[in-house]
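Engineer: See upload.cif below, with mmCIF, C-alpha atoms and all ligand atoms.
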```cif
data_final
loop_
_atom_site.label_atom_id
_atom_site.label_comp_id
_atom_site.auth_asym_id
_atom_site.auth_seq_id
_atom_site.Cartn_x
_atom_site.Cartn_y
_atom_site.Cartn_z
CA MET A 23 0.00 0.00 0.00
CA THR A 24 1.54 3.25 -1.09
CA ASP A 25 0.46 6.59 0.31
CA ASN A 26 -0.96 7.95 -2.93
CA GLN A 27 -3.24 4.95 -3.56
CA VAL A 28 -6.97 5.63 -3.13
CA VAL A 29 -8.38 3.67 -0.20
CA PRO A 30 -11.97 2.54 -0.87
CA ASP A 31 -14.67 2.97 1.76
CA LEU A 32 -15.81 -0.38 3.15
CA ALA A 33 -19.53 -0.82 2.54
CA ILE A 34 -21.54 -2.71 5.16
CA ARG A 35 -25.06 -2.10 3.83
CA ARG A 36 -26.40 -4.99 1.76
CA GLY A 37 -28.56 -4.18 -1.24
CA CYS A 38 -30.06 -7.65 -1.16
CA PRO A 39 -30.08 -9.39 2.25
CA PHE A 40 -28.43 -12.46 0.76
CA ALA A 41 -25.82 -10.73 -1.35
CA GLU A 42 -22.50 -9.15 -0.43
CA PRO A 43 -22.35 -5.37 0.06
CA ASP A 44 -21.25 -3.35 -2.99
CA GLY A 45 -17.58 -3.33 -3.85
CA TYR A 46 -16.66 -6.69 -2.29
CA ASP A 47 -16.04 -8.33 -5.68
CA GLU A 48 -13.55 -5.59 -6.54
CA LEU A 49 -11.89 -5.98 -3.15
CA ARG A 50 -11.57 -9.75 -3.60
CA ASN A 51 -10.24 -9.29 -7.13
CA SER A 52 -7.60 -6.88 -5.87
CA GLY A 53 -6.10 -9.56 -3.59
CA PRO A 54 -6.75 -11.64 -0.47
CA ILE A 55 -6.17 -8.65 1.79
CA SER A 56 -6.58 -4.99 0.96
CA ARG A 57 -6.66 -1.58 2.54
CA VAL A 58 -10.10 -0.03 3.25
CA ARG A 59 -11.54 2.95 5.08
CA LEU A 60 -14.03 2.02 7.80
CA GLY A 61 -17.16 4.01 8.67
CA SER A 62 -15.23 5.54 11.58
CA GLY A 63 -12.90 7.19 9.06
CA LYS A 64 -9.97 5.00 10.18
CA GLU A 65 -8.12 2.74 7.77
CA SER A 66 -7.90 -1.00 8.19
CA TRP A 67 -6.84 -4.11 6.32
CA ALA A 68 -9.78 -6.16 5.09
CA VAL A 69 -9.36 -9.90 4.51
CA THR A 70 -11.55 -11.36 1.75
CA SER A 71 -9.89 -14.78 1.34
CA TYR A 72 -11.09 -17.78 3.34
CA HIS A 73 -7.59 -19.23 3.78
CA VAL A 74 -6.00 -15.90 4.70
CA ALA A 75 -8.79 -15.28 7.23
CA ARG A 76 -8.00 -18.61 8.89
CA GLU A 77 -4.31 -17.70 8.94
CA MET A 78 -5.18 -14.33 10.50
CA LEU A 79 -7.43 -15.86 13.15
CA ALA A 80 -4.85 -18.51 14.04
CA SER A 81 -1.98 -16.00 14.26
CA GLU A 82 -0.41 -15.08 17.57
CA ALA A 83 0.57 -11.75 16.03
CA MET A 84 -3.07 -10.61 16.27
CA SER A 85 -4.71 -9.03 19.31
CA ILE A 86 -8.44 -8.91 20.09
CA ASP A 87 -8.08 -6.28 22.82
CA ARG A 88 -10.56 -3.52 22.01
CA ARG A 89 -8.79 -1.10 24.34
CA HIS A 90 -5.93 -0.72 21.83
CA PRO A 91 -6.23 2.79 20.31
CA ASN A 92 -5.99 1.40 16.75
CA PHE A 93 -8.53 -1.39 17.23
CA PRO A 94 -10.80 -1.35 14.15
CA GLN A 95 -13.99 0.60 14.67
CA LEU A 96 -16.79 0.37 12.14
CA VAL A 97 -18.61 3.38 13.50
CA PRO A 98 -17.09 6.14 15.66
CA GLY A 99 -17.31 5.18 19.31
CA PHE A 100 -19.09 1.90 18.68
CA SER A 101 -16.65 -0.62 20.08
CA LYS A 102 -15.29 1.59 22.85
CA ASP A 103 -16.76 3.09 25.98
CA ILE A 104 -19.41 0.46 26.45
CA GLY A 105 -18.51 0.37 30.10
CA PHE A 106 -17.43 -3.23 30.45
CA ARG A 107 -14.78 -5.61 29.23
CA ALA A 108 -16.08 -8.41 26.99
CA SER A 109 -14.57 -11.15 29.15
CA ILE A 110 -12.86 -13.86 27.03
CA GLY A 111 -13.91 -12.01 23.88
CA ASP A 112 -11.46 -9.24 24.80
CA MET A 113 -8.56 -11.32 26.08
CA ASP A 114 -5.40 -12.39 24.28
CA PRO A 115 -3.37 -15.48 25.18
CA PRO A 116 -2.00 -16.33 27.69
CA GLU A 117 -4.79 -14.72 29.76
CA HIS A 118 -7.49 -16.03 27.41
CA GLY A 119 -6.84 -19.80 27.69
CA PRO A 120 -7.48 -20.37 31.43
CA ALA A 121 -10.50 -18.01 31.40
CA ARG A 122 -12.01 -19.87 28.44
CA ARG A 123 -11.27 -23.31 29.90
CA ALA A 124 -13.06 -22.28 33.10
CA ILE A 125 -16.36 -22.09 31.20
CA SER A 126 -15.83 -24.36 28.18
CA GLY A 127 -17.40 -27.36 29.97
CA GLU A 128 -20.64 -25.39 30.22
CA PHE A 129 -20.81 -25.25 26.41
CA ALA A 130 -19.56 -28.76 25.65
CA GLN A 131 -21.60 -30.57 23.00
CA ARG A 132 -22.83 -33.25 25.45
CA ARG A 133 -24.04 -30.68 27.92
CA ILE A 134 -25.82 -28.67 25.22
CA GLU A 135 -27.43 -31.85 23.80
CA ALA A 136 -28.91 -32.44 27.26
CA MET A 137 -30.65 -29.07 26.91
CA ARG A 138 -32.38 -30.10 23.66
CA PRO A 139 -35.63 -31.45 25.22
CA GLY A 140 -36.05 -28.22 27.22
CA ILE A 141 -35.40 -26.13 24.09
CA GLN A 142 -37.90 -28.25 22.14
CA LYS A 143 -40.55 -27.71 24.83
CA MET A 144 -39.96 -23.96 24.86
CA VAL A 145 -40.14 -23.70 21.06
CA ASP A 146 -43.33 -25.80 21.01
CA GLU A 147 -44.96 -23.49 23.56
CA LEU A 148 -43.99 -20.40 21.54
CA ILE A 149 -45.42 -21.97 18.38
CA ASP A 150 -48.60 -22.98 20.29
CA ALA A 151 -49.03 -19.29 21.06
CA VAL A 152 -48.37 -18.32 17.41
CA LEU A 153 -51.00 -20.80 16.21
CA ALA A 154 -53.50 -19.63 18.81
CA GLY A 155 -53.03 -15.92 18.00
CA PRO A 156 -54.15 -13.68 15.13
CA LYS A 157 -52.61 -13.74 11.65
CA PRO A 158 -50.34 -12.36 10.33
CA VAL A 159 -47.85 -12.64 13.15
CA ASP A 160 -44.44 -11.01 13.54
CA LEU A 161 -42.03 -13.89 14.09
CA VAL A 162 -39.29 -11.66 15.54
CA PRO A 163 -41.04 -10.98 18.90
CA ALA A 164 -43.03 -14.23 18.70
CA LEU A 165 -40.12 -16.63 18.19
CA ALA A 166 -36.72 -15.27 17.11
CA LEU A 167 -36.29 -12.98 20.13
CA PRO A 168 -37.69 -15.09 23.00
CA VAL A 169 -35.80 -18.33 22.18
CA PRO A 170 -32.26 -17.01 22.83
CA THR A 171 -33.47 -14.68 25.59
CA ILE A 172 -35.14 -17.44 27.59
CA LEU A 173 -32.13 -19.70 27.09
CA ILE A 174 -29.64 -17.10 28.26
CA CYS A 175 -31.84 -16.41 31.30
CA GLU A 176 -31.81 -20.13 32.10
CA LEU A 177 -28.08 -20.39 31.53
CA LEU A 178 -27.34 -17.41 33.77
CA GLY A 179 -29.96 -18.36 36.35
CA VAL A 180 -32.14 -15.26 36.01
CA PRO A 181 -35.22 -15.95 38.18
CA ASP A 182 -38.59 -16.21 36.35
CA GLU A 183 -39.98 -13.02 37.87
CA ASP A 184 -37.08 -10.91 36.51
CA ARG A 185 -37.13 -12.24 32.95
CA ALA A 186 -39.51 -9.70 31.41
CA THR A 187 -37.40 -6.73 32.61
CA PHE A 188 -34.21 -8.54 31.69
CA GLN A 189 -35.55 -9.23 28.19
CA ALA A 190 -36.73 -5.62 27.67
CA ARG A 191 -33.38 -4.18 28.75
CA SER A 192 -31.35 -6.56 26.67
CA ALA A 193 -33.55 -5.79 23.64
CA THR A 194 -32.84 -2.06 24.09
CA MET A 195 -29.15 -2.72 24.61
CA ILE A 196 -28.70 -4.66 21.37
CA ASP A 197 -30.97 -2.47 19.27
CA LEU A 198 -28.66 -0.36 17.16
CA PHE A 199 -31.56 1.94 16.34
CA THR A 200 -31.74 2.99 19.97
CA SER A 201 -30.07 6.31 20.74
CA PRO A 202 -26.58 5.98 22.30
CA GLN A 203 -27.96 7.47 25.55
CA ASP A 204 -30.76 4.88 25.80
CA ARG A 205 -28.32 2.14 24.90
CA MET A 206 -25.85 3.19 27.60
CA ALA A 207 -28.71 3.49 30.08
CA ALA A 208 -29.85 -0.06 29.24
CA ILE A 209 -26.27 -1.37 29.58
CA GLY A 210 -25.95 0.45 32.92
CA ALA A 211 -29.22 -1.02 34.16
CA LEU A 212 -28.25 -4.52 33.02
CA LEU A 213 -24.81 -4.24 34.58
CA GLY A 214 -26.49 -3.18 37.83
CA TYR A 215 -28.94 -6.07 37.61
CA ILE A 216 -26.26 -8.65 36.79
CA ASP A 217 -24.03 -7.26 39.54
CA GLN A 218 -26.83 -7.92 42.02
CA LEU A 219 -27.54 -11.35 40.50
CA VAL A 220 -23.89 -12.36 40.95
CA THR A 221 -23.89 -11.01 44.52
CA ASP A 222 -27.00 -13.10 45.29
CA LYS A 223 -25.28 -16.18 43.90
CA GLU A 224 -22.19 -15.44 45.97
CA ASN A 225 -24.39 -15.36 49.06
CA ASN A 226 -26.64 -18.28 48.05
CA PRO A 227 -24.89 -20.53 45.51
CA THR A 228 -27.19 -21.83 42.75
CA ASP A 229 -26.78 -24.63 40.21
CA ASP A 230 -26.45 -22.61 37.00
CA LEU A 231 -23.49 -21.35 34.96
CA ILE A 232 -22.79 -18.27 37.09
CA GLY A 233 -23.55 -20.12 40.35
CA ARG A 234 -21.08 -22.85 39.39
CA GLN A 235 -18.45 -20.25 38.45
CA VAL A 236 -18.90 -18.62 41.87
CA GLN A 237 -18.28 -21.96 43.55
CA ARG A 238 -15.34 -22.85 41.28
CA ALA A 239 -13.68 -19.48 41.92
CA ARG A 240 -14.26 -19.85 45.65
CA ALA A 241 -12.74 -23.36 45.68
CA ASN A 242 -9.67 -22.02 43.87
CA GLY A 243 -9.46 -19.02 46.18
CA GLU A 244 -9.76 -16.61 43.25
CA VAL A 245 -13.12 -14.93 43.68
CA ASP A 246 -13.40 -12.10 41.20
CA HIS A 247 -16.81 -10.51 41.27
CA LYS A 248 -16.18 -8.07 38.40
CA SER A 249 -15.01 -10.81 36.01
CA LEU A 250 -18.16 -12.82 36.70
CA VAL A 251 -20.36 -9.80 35.95
CA GLU A 252 -18.43 -9.23 32.70
CA LEU A 253 -18.73 -12.89 31.77
CA ALA A 254 -22.51 -12.87 32.29
CA LEU A 255 -22.97 -9.70 30.24
CA THR A 256 -20.69 -11.03 27.49
CA LEU A 257 -22.68 -14.24 27.17
CA LEU A 258 -25.83 -12.19 26.97
CA VAL A 259 -24.46 -9.91 24.24
CA ALA A 260 -22.63 -12.60 22.25
CA GLY A 261 -25.38 -15.20 22.36
CA HIS A 262 -28.40 -13.02 21.90
CA GLU A 263 -28.40 -10.70 18.89
CA THR A 264 -26.52 -13.24 16.78
CA THR A 265 -29.07 -16.00 17.37
CA VAL A 266 -32.13 -13.72 17.05
CA ASN A 267 -30.91 -12.50 13.66
CA MET A 268 -29.88 -15.92 12.47
CA ILE A 269 -33.33 -17.35 13.28
CA ALA A 270 -35.17 -14.55 11.47
CA LEU A 271 -32.90 -14.43 8.43
CA GLY A 272 -32.76 -18.23 8.22
CA VAL A 273 -36.57 -18.41 8.05
CA VAL A 274 -36.60 -15.92 5.16
CA ALA A 275 -33.78 -17.74 3.34
CA LEU A 276 -35.69 -21.03 3.56
CA LEU A 277 -38.98 -19.46 2.46
CA GLU A 278 -37.14 -17.97 -0.52
CA HIS A 279 -35.85 -21.44 -1.48
CA PRO A 280 -38.99 -23.58 -1.36
CA GLU A 281 -37.41 -26.58 -3.10
CA GLN A 282 -34.70 -26.80 -0.41
CA LEU A 283 -37.26 -26.24 2.33
CA ARG A 284 -39.37 -29.13 0.98
CA MET A 285 -36.28 -31.34 1.02
CA ILE A 286 -35.76 -30.60 4.73
CA GLN A 287 -39.45 -31.07 5.51
CA ARG A 288 -39.36 -34.49 3.80
CA GLU A 289 -36.03 -35.49 5.35
CA PRO A 290 -35.57 -33.66 8.68
CA GLU A 291 -32.24 -35.43 9.19
CA ARG A 292 -30.89 -32.90 6.68
CA MET A 293 -31.44 -30.08 9.17
CA PRO A 294 -27.92 -29.95 10.72
CA ALA A 295 -26.35 -29.62 7.24
CA ALA A 296 -28.99 -27.03 6.31
CA VAL A 297 -28.16 -24.97 9.41
CA GLU A 298 -24.44 -24.96 8.49
CA GLU A 299 -25.30 -23.79 4.98
CA LEU A 300 -27.64 -21.10 6.33
CA LEU A 301 -24.87 -19.85 8.64
CA ARG A 302 -22.55 -19.58 5.64
CA TYR A 303 -25.14 -18.12 3.28
CA CYS A 304 -26.50 -15.50 5.71
CA SER A 305 -23.08 -14.62 7.24
CA ILE A 306 -24.84 -12.32 9.69
CA LEU A 307 -21.55 -11.08 11.14
CA ASN A 308 -19.72 -8.89 8.66
CA PRO A 309 -16.96 -8.25 9.57
CA VAL A 310 -16.83 -11.57 11.38
CA ALA A 311 -13.67 -10.68 13.32
CA TYR A 312 -11.72 -7.56 14.31
CA ARG A 313 -8.06 -7.54 15.32
CA VAL A 314 -5.10 -5.25 15.76
CA VAL A 315 -1.59 -6.39 14.78
CA LYS A 316 0.70 -6.95 17.80
CA SER A 317 3.91 -7.68 15.91
CA ASP A 318 4.81 -7.30 12.21
CA ILE A 319 3.56 -10.19 10.12
CA THR A 320 3.12 -11.15 6.45
CA LEU A 321 -0.45 -12.11 5.67
CA GLY A 322 -1.67 -13.02 2.19
CA GLY A 323 1.64 -11.77 0.81
CA VAL A 324 1.26 -8.33 2.40
CA ARG A 325 3.46 -6.95 5.20
CA LEU A 326 1.33 -5.77 8.14
CA ARG A 327 2.91 -3.58 10.82
CA ALA A 328 2.33 -3.64 14.58
CA GLY A 329 -0.61 -1.36 15.33
CA ASP A 330 -2.38 -1.99 12.00
CA ALA A 331 -6.12 -2.72 12.18
CA VAL A 332 -7.46 -5.84 10.42
CA VAL A 333 -10.99 -7.13 9.81
CA ALA A 334 -12.13 -10.38 8.20
CA LEU A 335 -15.13 -9.83 5.94
CA GLY A 336 -17.60 -12.57 6.88
CA THR A 337 -19.64 -12.42 3.69
CA SER A 338 -16.48 -12.60 1.55
CA VAL A 339 -14.63 -15.37 3.31
CA ASN A 340 -17.78 -17.49 3.38
CA ARG A 341 -18.30 -16.90 -0.33
CA ASP A 342 -14.72 -17.39 -1.42
CA PRO A 343 -15.02 -19.08 -4.84
CA GLU A 344 -11.73 -20.89 -4.22
CA VAL A 345 -13.47 -22.86 -1.46
CA PHE A 346 -17.19 -22.79 -2.19
CA GLU A 347 -18.58 -23.79 -5.55
CA ASN A 348 -21.35 -21.43 -6.74
CA PRO A 349 -20.92 -19.48 -3.49
CA ASP A 350 -23.96 -17.24 -3.97
CA ARG A 351 -26.29 -20.25 -4.09
CA LEU A 352 -27.99 -21.65 -0.99
CA ASP A 353 -27.28 -25.36 -1.29
CA ILE A 354 -28.04 -27.54 1.72
CA GLU A 355 -26.36 -30.49 -0.01
CA ARG A 356 -23.01 -28.70 -0.11
CA THR A 357 -20.13 -30.84 1.10
CA GLU A 358 -17.10 -28.62 0.64
CA GLY A 359 -15.40 -26.40 3.22
CA ARG A 360 -16.43 -25.35 6.70
CA HIS A 361 -17.78 -21.81 6.94
CA LEU A 362 -16.20 -19.23 9.24
CA ALA A 363 -19.49 -17.87 10.62
CA PHE A 364 -18.39 -18.93 14.13
CA GLY A 365 -14.86 -17.65 13.59
CA TYR A 366 -11.72 -19.77 13.85
CA GLY A 367 -8.77 -20.25 16.18
CA VAL A 368 -8.69 -19.59 19.92
CA HIS A 369 -11.74 -17.30 19.85
CA LEU A 370 -13.91 -19.76 17.90
CA CYS A 371 -17.46 -19.18 19.15
CA ILE A 372 -17.84 -20.93 22.48
CA GLY A 373 -21.63 -20.96 22.06
CA GLN A 374 -21.61 -22.66 18.65
CA HIS A 375 -23.19 -25.95 19.80
CA LEU A 376 -25.91 -24.08 21.64
CA ALA A 377 -26.60 -21.88 18.60
CA ARG A 378 -26.76 -24.94 16.34
CA VAL A 379 -29.26 -26.72 18.59
CA GLU A 380 -31.42 -23.59 18.88
CA LEU A 381 -31.44 -23.11 15.10
CA CYS A 382 -32.12 -26.78 14.32
CA VAL A 383 -34.99 -27.02 16.80
CA VAL A 384 -36.57 -23.71 15.74
CA PHE A 385 -36.45 -24.35 11.96
CA GLU A 386 -37.48 -28.01 12.22
CA THR A 387 -40.39 -27.32 14.57
CA LEU A 388 -41.63 -24.21 12.79
CA PHE A 389 -41.77 -25.79 9.32
CA ARG A 390 -43.16 -29.09 10.64
CA ARG A 391 -45.95 -27.53 12.67
CA ILE A 392 -46.76 -24.76 10.16
CA PRO A 393 -45.79 -26.44 6.87
CA ASP A 394 -47.45 -23.82 4.65
CA LEU A 395 -45.90 -20.84 6.44
CA ARG A 396 -45.31 -17.90 4.08
CA LEU A 397 -44.28 -14.25 4.20
CA ALA A 398 -47.22 -11.92 4.79
CA VAL A 399 -45.58 -9.17 2.71
CA PRO A 400 -43.43 -9.30 -0.43
CA VAL A 401 -39.81 -10.01 0.48
CA GLU A 402 -38.80 -6.55 -0.83
CA GLN A 403 -40.97 -4.97 1.87
CA LEU A 404 -39.19 -6.69 4.77
CA SER A 405 -37.27 -4.27 6.94
CA PHE A 406 -33.66 -5.45 7.25
CA LYS A 407 -31.08 -4.14 9.68
CA SER A 408 -29.05 -2.98 6.74
CA GLU A 409 -26.27 -1.25 8.62
CA ALA A 410 -26.14 -3.26 11.78
CA ILE A 411 -23.08 -5.34 12.55
CA ALA A 412 -25.10 -8.49 13.09
CA TYR A 413 -27.33 -8.46 10.05
CA GLY A 414 -30.96 -9.35 10.62
CA LEU A 415 -34.58 -8.28 10.42
CA ASN A 416 -36.54 -5.68 12.33
CA SER A 417 -39.74 -7.61 11.83
CA LEU A 418 -40.87 -10.74 10.05
CA PRO A 419 -44.61 -10.79 9.29
CA VAL A 420 -45.75 -14.28 8.31
CA THR A 421 -49.02 -16.05 7.74
CA TRP A 422 -50.21 -19.53 6.68
C1 LIG B 1 -25.78 -17.88 15.33
C2 LIG B 1 -25.27 -17.53 16.48
C3 LIG B 1 -23.85 -17.12 16.72
C4 LIG B 1 -22.89 -16.65 15.85
C5 LIG B 1 -23.01 -16.45 14.35
C6 LIG B 1 -21.68 -16.40 16.63
C7 LIG B 1 -20.48 -15.96 16.10
C8 LIG B 1 -19.32 -15.81 16.84
C9 LIG B 1 -18.03 -15.46 16.27
C10 LIG B 1 -17.75 -15.20 14.81
C11 LIG B 1 -17.12 -15.42 17.28
C12 LIG B 1 -15.62 -15.13 17.18
C13 LIG B 1 -15.34 -13.66 17.04
C14 LIG B 1 -13.87 -13.34 16.87
O1 LIG B 1 -13.05 -14.21 16.62
O2 LIG B 1 -13.53 -12.16 17.00
C15 LIG B 1 -17.84 -15.71 18.51
C16 LIG B 1 -17.28 -15.73 19.76
C17 LIG B 1 -18.01 -15.91 20.92
N1 LIG B 1 -19.31 -16.31 21.01
FE1 LIG B 1 -20.59 -16.63 19.47
N2 LIG B 1 -21.95 -16.70 17.95
C18 LIG B 1 -23.23 -17.15 18.05
C19 LIG B 1 -23.88 -17.59 19.19
C20 LIG B 1 -23.33 -17.58 20.46
C21 LIG B 1 -23.99 -18.05 21.64
C22 LIG B 1 -25.38 -18.69 21.70
C23 LIG B 1 -23.14 -17.79 22.71
C24 LIG B 1 -23.30 -18.06 24.19
C25 LIG B 1 -24.38 -18.14 24.84
C26 LIG B 1 -21.94 -17.19 22.15
C27 LIG B 1 -20.85 -16.79 22.89
C28 LIG B 1 -19.64 -16.39 22.35
C29 LIG B 1 -18.48 -16.02 23.17
C30 LIG B 1 -18.42 -15.96 24.69
C31 LIG B 1 -17.45 -15.73 22.26
C32 LIG B 1 -16.02 -15.32 22.59
C33 LIG B 1 -15.17 -16.57 22.61
C34 LIG B 1 -13.70 -16.31 22.88
O3 LIG B 1 -13.26 -15.18 22.67
O4 LIG B 1 -13.00 -17.26 23.29
N3 LIG B 1 -22.09 -17.08 20.79
N4 LIG B 1 -19.17 -15.97 18.20
#
```
Please re-express this file's structure in structure tokens.
Ligand code: HEM
Structural biologist:
Amino acid sequence: MTDNQVVPDLAIRRGCPFAEPDGYDELRNSGPISRVRLGSGKESWAVTSYHVAREMLASEAMSIDRRHPNFPQLVPGFSKDIGFRASIGDMDPPEHGPARRAISGEFAQRRIEAMRPGIQKMVDELIDAVLAGPKPVDLVPALALPVPTILICELLGVPDEDRATFQARSATMIDLFTSPQDRMAAIGALLGYIDQLVTDKENNPTDDLIGRQVQRARANGEVDHKSLVELALTLLVAGHETTVNMIALGVVALLEHPEQLRMIQREPERMPAAVEELLRYCSILNPVAYRVVKSDITLGGVRLRAGDAVVALGTSVNRDPEVFENPDRLDIERTEGRHLAFGYGVHLCIGQHLARVELCVVFETLFRRIPDLRLAVPVEQLSFKSEAIAYGLNSLPVTW
């Protein structure tokens, strides 16, 4: 990159919900990694190649610490000043490993599988309510939002009577359309609530994720109240908006591909593969990862200097034609390549098994119990979160 080269602005807005933002083809054609200007006005490297993104995410030369002054910011002020540290999502090795291992058992596949019957029951009850209510119905508040919210509440041990307030505050917190003041107020209120929740569990240990962490920390003589509060809030943020958006967008993607939907309805055992393909196709996180370079490194043939910002473009890496044949096609029978929708390397999504089970149960149950479900408005009239970081839908009116 020479100083007199023009640096293109990185688009985030998608014209079509299932297509890449404008300019990504040109970026990919100009090389596996190129210089872009982010919405914050700062420059960053943008990785478009699947293999280079894996190299980046596996590299010890990269830092995920948002407090670094050059950490990539999509929008001014967005990733800073949110008043809390994102627990393991903000830690580099060697601090990251022990903190992640302390909770990884909670998200192990076997443990998550044991939650499946409870998730199925919850989804059935939500769909009972949909079927009993008026048509059309907005599936965002009726299904996409409550599933991850209820699950996080169960995981964190939020008592039943507090769930409505908890849900309302977390909805405000993750809503990018909320004013920054309201958002900060919601974060402040949630931090206060979670602080109290952790204190209660310190006084009266409970058998849930946070309760078990309290006991583990106590047994090891390393009680750290603030870290537990940050962990709880991180799980809420990381596991909520992502799953809500993936449920809503996944429903639209399937409705837009009726032949593939019929295949899943006929052969529900195809659902796990369909969910993987939906994660790739929707690539709700774009960028999917943000880093700052800790020590000089060559990536994709380009020399990056310590202090450089780097992002991996989720939609690009998951549609890299070198890895995925006909990448713009939703194809649930695809066998090649693993998508990077859950990231890669040490920060690989810790909640991936939980997300997969939620998505499988929701899609399978919804299209089994309401087989002739259809959009209540033309797809062009759906309101997409076109500039949000986790791409999704504001509302999803359906009928049958
Ligand atoms: C469809 C749903 C989800 C998607 C697409 C998703 C995506 C991701 C991605 C891409 C990363 C890595 C980011 C990076 O490397 O910078 C990540 C990390 C993480 N995710 Fe998820 N996630 C989802 C659901 C969940 C759920 C349900 C939970 C927990 C309840 C969760 C908790 C986390 C945590 C704690 C991290 C940080 C892990 C670490 O730094 O070691 N996620 N997720």
Engineer: Counting all atoms listed in the file, give me one row per residue of chain A with an atom at most 6 Å from an atom of ligand LIG 1 (chain B), showing the shortest contact pair and its distance in Å to one decimal, sorted by chain then residue number, as a tab-separated table.
Structural biologist:
```
residue	atom	partner	partner_atom	distance
A:Ile110	CA	B:LIG1	O3	4.6
A:Gly111	CA	B:LIG1	O3	3.5
A:Arg122	CA	B:LIG1	O4	5.9
A:Leu257	CA	B:LIG1	C25	4.9
A:Ala260	CA	B:LIG1	C27	4.6
A:Gly261	CA	B:LIG1	C21	3.3
A:Thr264	CA	B:LIG1	C2	4.5
A:Thr265	CA	B:LIG1	C2	4.2
A:Met268	CA	B:LIG1	C1	5.4
A:Val310	CA	B:LIG1	C10	5.1
A:Ala311	CA	B:LIG1	O2	4.0
A:Tyr312	CA	B:LIG1	O2	5.6
A:Ala363	CA	B:LIG1	C10	5.3
A:Phe364	CA	B:LIG1	C10	3.8
A:Gly365	CA	B:LIG1	C10	4.0
A:Val368	CA	B:LIG1	O4	5.9
A:His369	CA	B:LIG1	O4	3.7
A:Leu370	CA	B:LIG1	C12	5.0
A:Cys371	CA	B:LIG1	C16	3.5
A:Ile372	CA	B:LIG1	C28	4.9
A:Gly373	CA	B:LIG1	C23	3.6
A:Gln374	CA	B:LIG1	C19	5.6
A:Leu376	CA	B:LIG1	C22	5.4
A:Ala377	CA	B:LIG1	C22	4.6
```
Engineer: Which polymer residues have any atom within 12 Å of an atom of Arg292 in chain A, counting only C-alpha atoms, with same-chain residues fewer than 2 positions away left out, as a PyMOL selection string?
Structural biologist: chain A and resi 282-290+294-299+353-356+382+385-386
Engineer: Can you work out which one of A:Arg107, A:His118, A:Arg132, A:His375 has the shortest atom-to-atom distance to Leu255 in chain A, counting all atoms listed in the file?
Structural biologist: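 The answer is A:Arg107, which sits nearest to Leu255 in chain A.
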Engineer: Which residues of range 282-329 of chain A come within 8 Å of range 388-412 of chain A, and what is each one's closest atom pair and distance in Å (one decimal), counting only C-alpha atoms, sorted by chain and residue number, as a tab-separated table?
Structural biologist:
```
residue	atom	partner	partner_atom	distance
A:Gln287	CA	A:Arg390	CA	6.6
A:Ile306	CA	A:Ala412	CA	5.1
A:Leu307	CA	A:Ala412	CA	4.8
A:Asn308	CA	A:Ile411	CA	6.2
A:Pro309	CA	A:Ile411	CA	7.4
```
Engineer: So the first atom is CA of Leu352 in chain A and the second is CA of Thr337 in chain A; what is the distance between them in Å, to one decimal place?
Structural biologist: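 Computing the Euclidean distance for CA of Leu352 in chain A and CA of Thr337 in chain A yields 13.3 Å.
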Engineer: Would you list the contacts of range 188-195 of chain A as a list of chain:residue names, taking every protein, DNA or RNA residue within 6 Å and counting only C-alpha atoms, but skipping same-chain residues closer than 2 positions in sequence?
Structural biologist: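 Selected residues are A:Arg185, A:Ala186, A:Asp197, A:Arg205, A:Ala208, A:Ile209.
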Engineer: If you count all atoms listed in the file, which residues fall within 9 Å of range 215-232 of chain A, apart from same-chain ones fewer than 3 positions away, as a VMD selection string?
Structural biologist: chain A and resid 125 128 176 to 180 188 210 to 212 235 to 237 247 to 248 250 to 255
Engineer: Please measure the separation of CA of Ala207 in chain A and CA of Ile86 in chain A, giving the value in Å to one decimal.
Structural biologist: 25.8 Å
Engineer: Please report the interatomic distance between CA of Ile149 in chain A and CA of Leu301 in chain A in Å with one decimal.
Structural biologist: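 One can read the CA of Ile149 in chain A to CA of Leu301 in chain A distance as 22.8 Å.
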Engineer: Calculate, to one decimal in Å, the centre and edge lengths of the box along x, y and z of the file that holds all listed atoms of range 86-97 of chain A with 5 Å of margin on each side, and present them as lines of an AutoDock Vina configuration file.
Structural biologist:
```
center_x = -12.3
center_y = -2.8
center_z = 18.2
size_x = 22.7
size_y = 22.3
size_z = 22.2
```
Engineer: Which residue is closest to Arg302 in chain A? Choose from A:Leu167, A:Ala41, A:Leu173, A:Ala83 and count all atoms listed in the file.
Structural biologist: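 Comparing A:Leu167, A:Ala41, A:Leu173, A:Ala83 against Arg302 in chain A, the winner is A:Ala41.
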Engineer: Find the residue from A:Gly243, A:Ala270, A:Ser85, A:Val332 that sits nearest to Pro163 in chain A; use all atoms listed in the file when measuring.
Structural biologist: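 Distance minimum relative to Pro163 in chain A lands on A:Ala270.
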Engineer: Between A:Leu213, A:Val162, A:Phe106, A:Gly414, which residue has the minimum interatomic distance to Leu271 in chain A, considering only C-alpha atoms?
Structural biologist: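 Nearest to Leu271 in chain A: A:Gly414.
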Engineer: Go through A:Gly127, A:Pro115, A:Gly63, A:Pro120 one by one, measure the shortest atom-to-atom distance of each to Val29 in chain A using only C-alpha atoms, and give the residue with the smallest value.
Structural biologist: A:Gly63
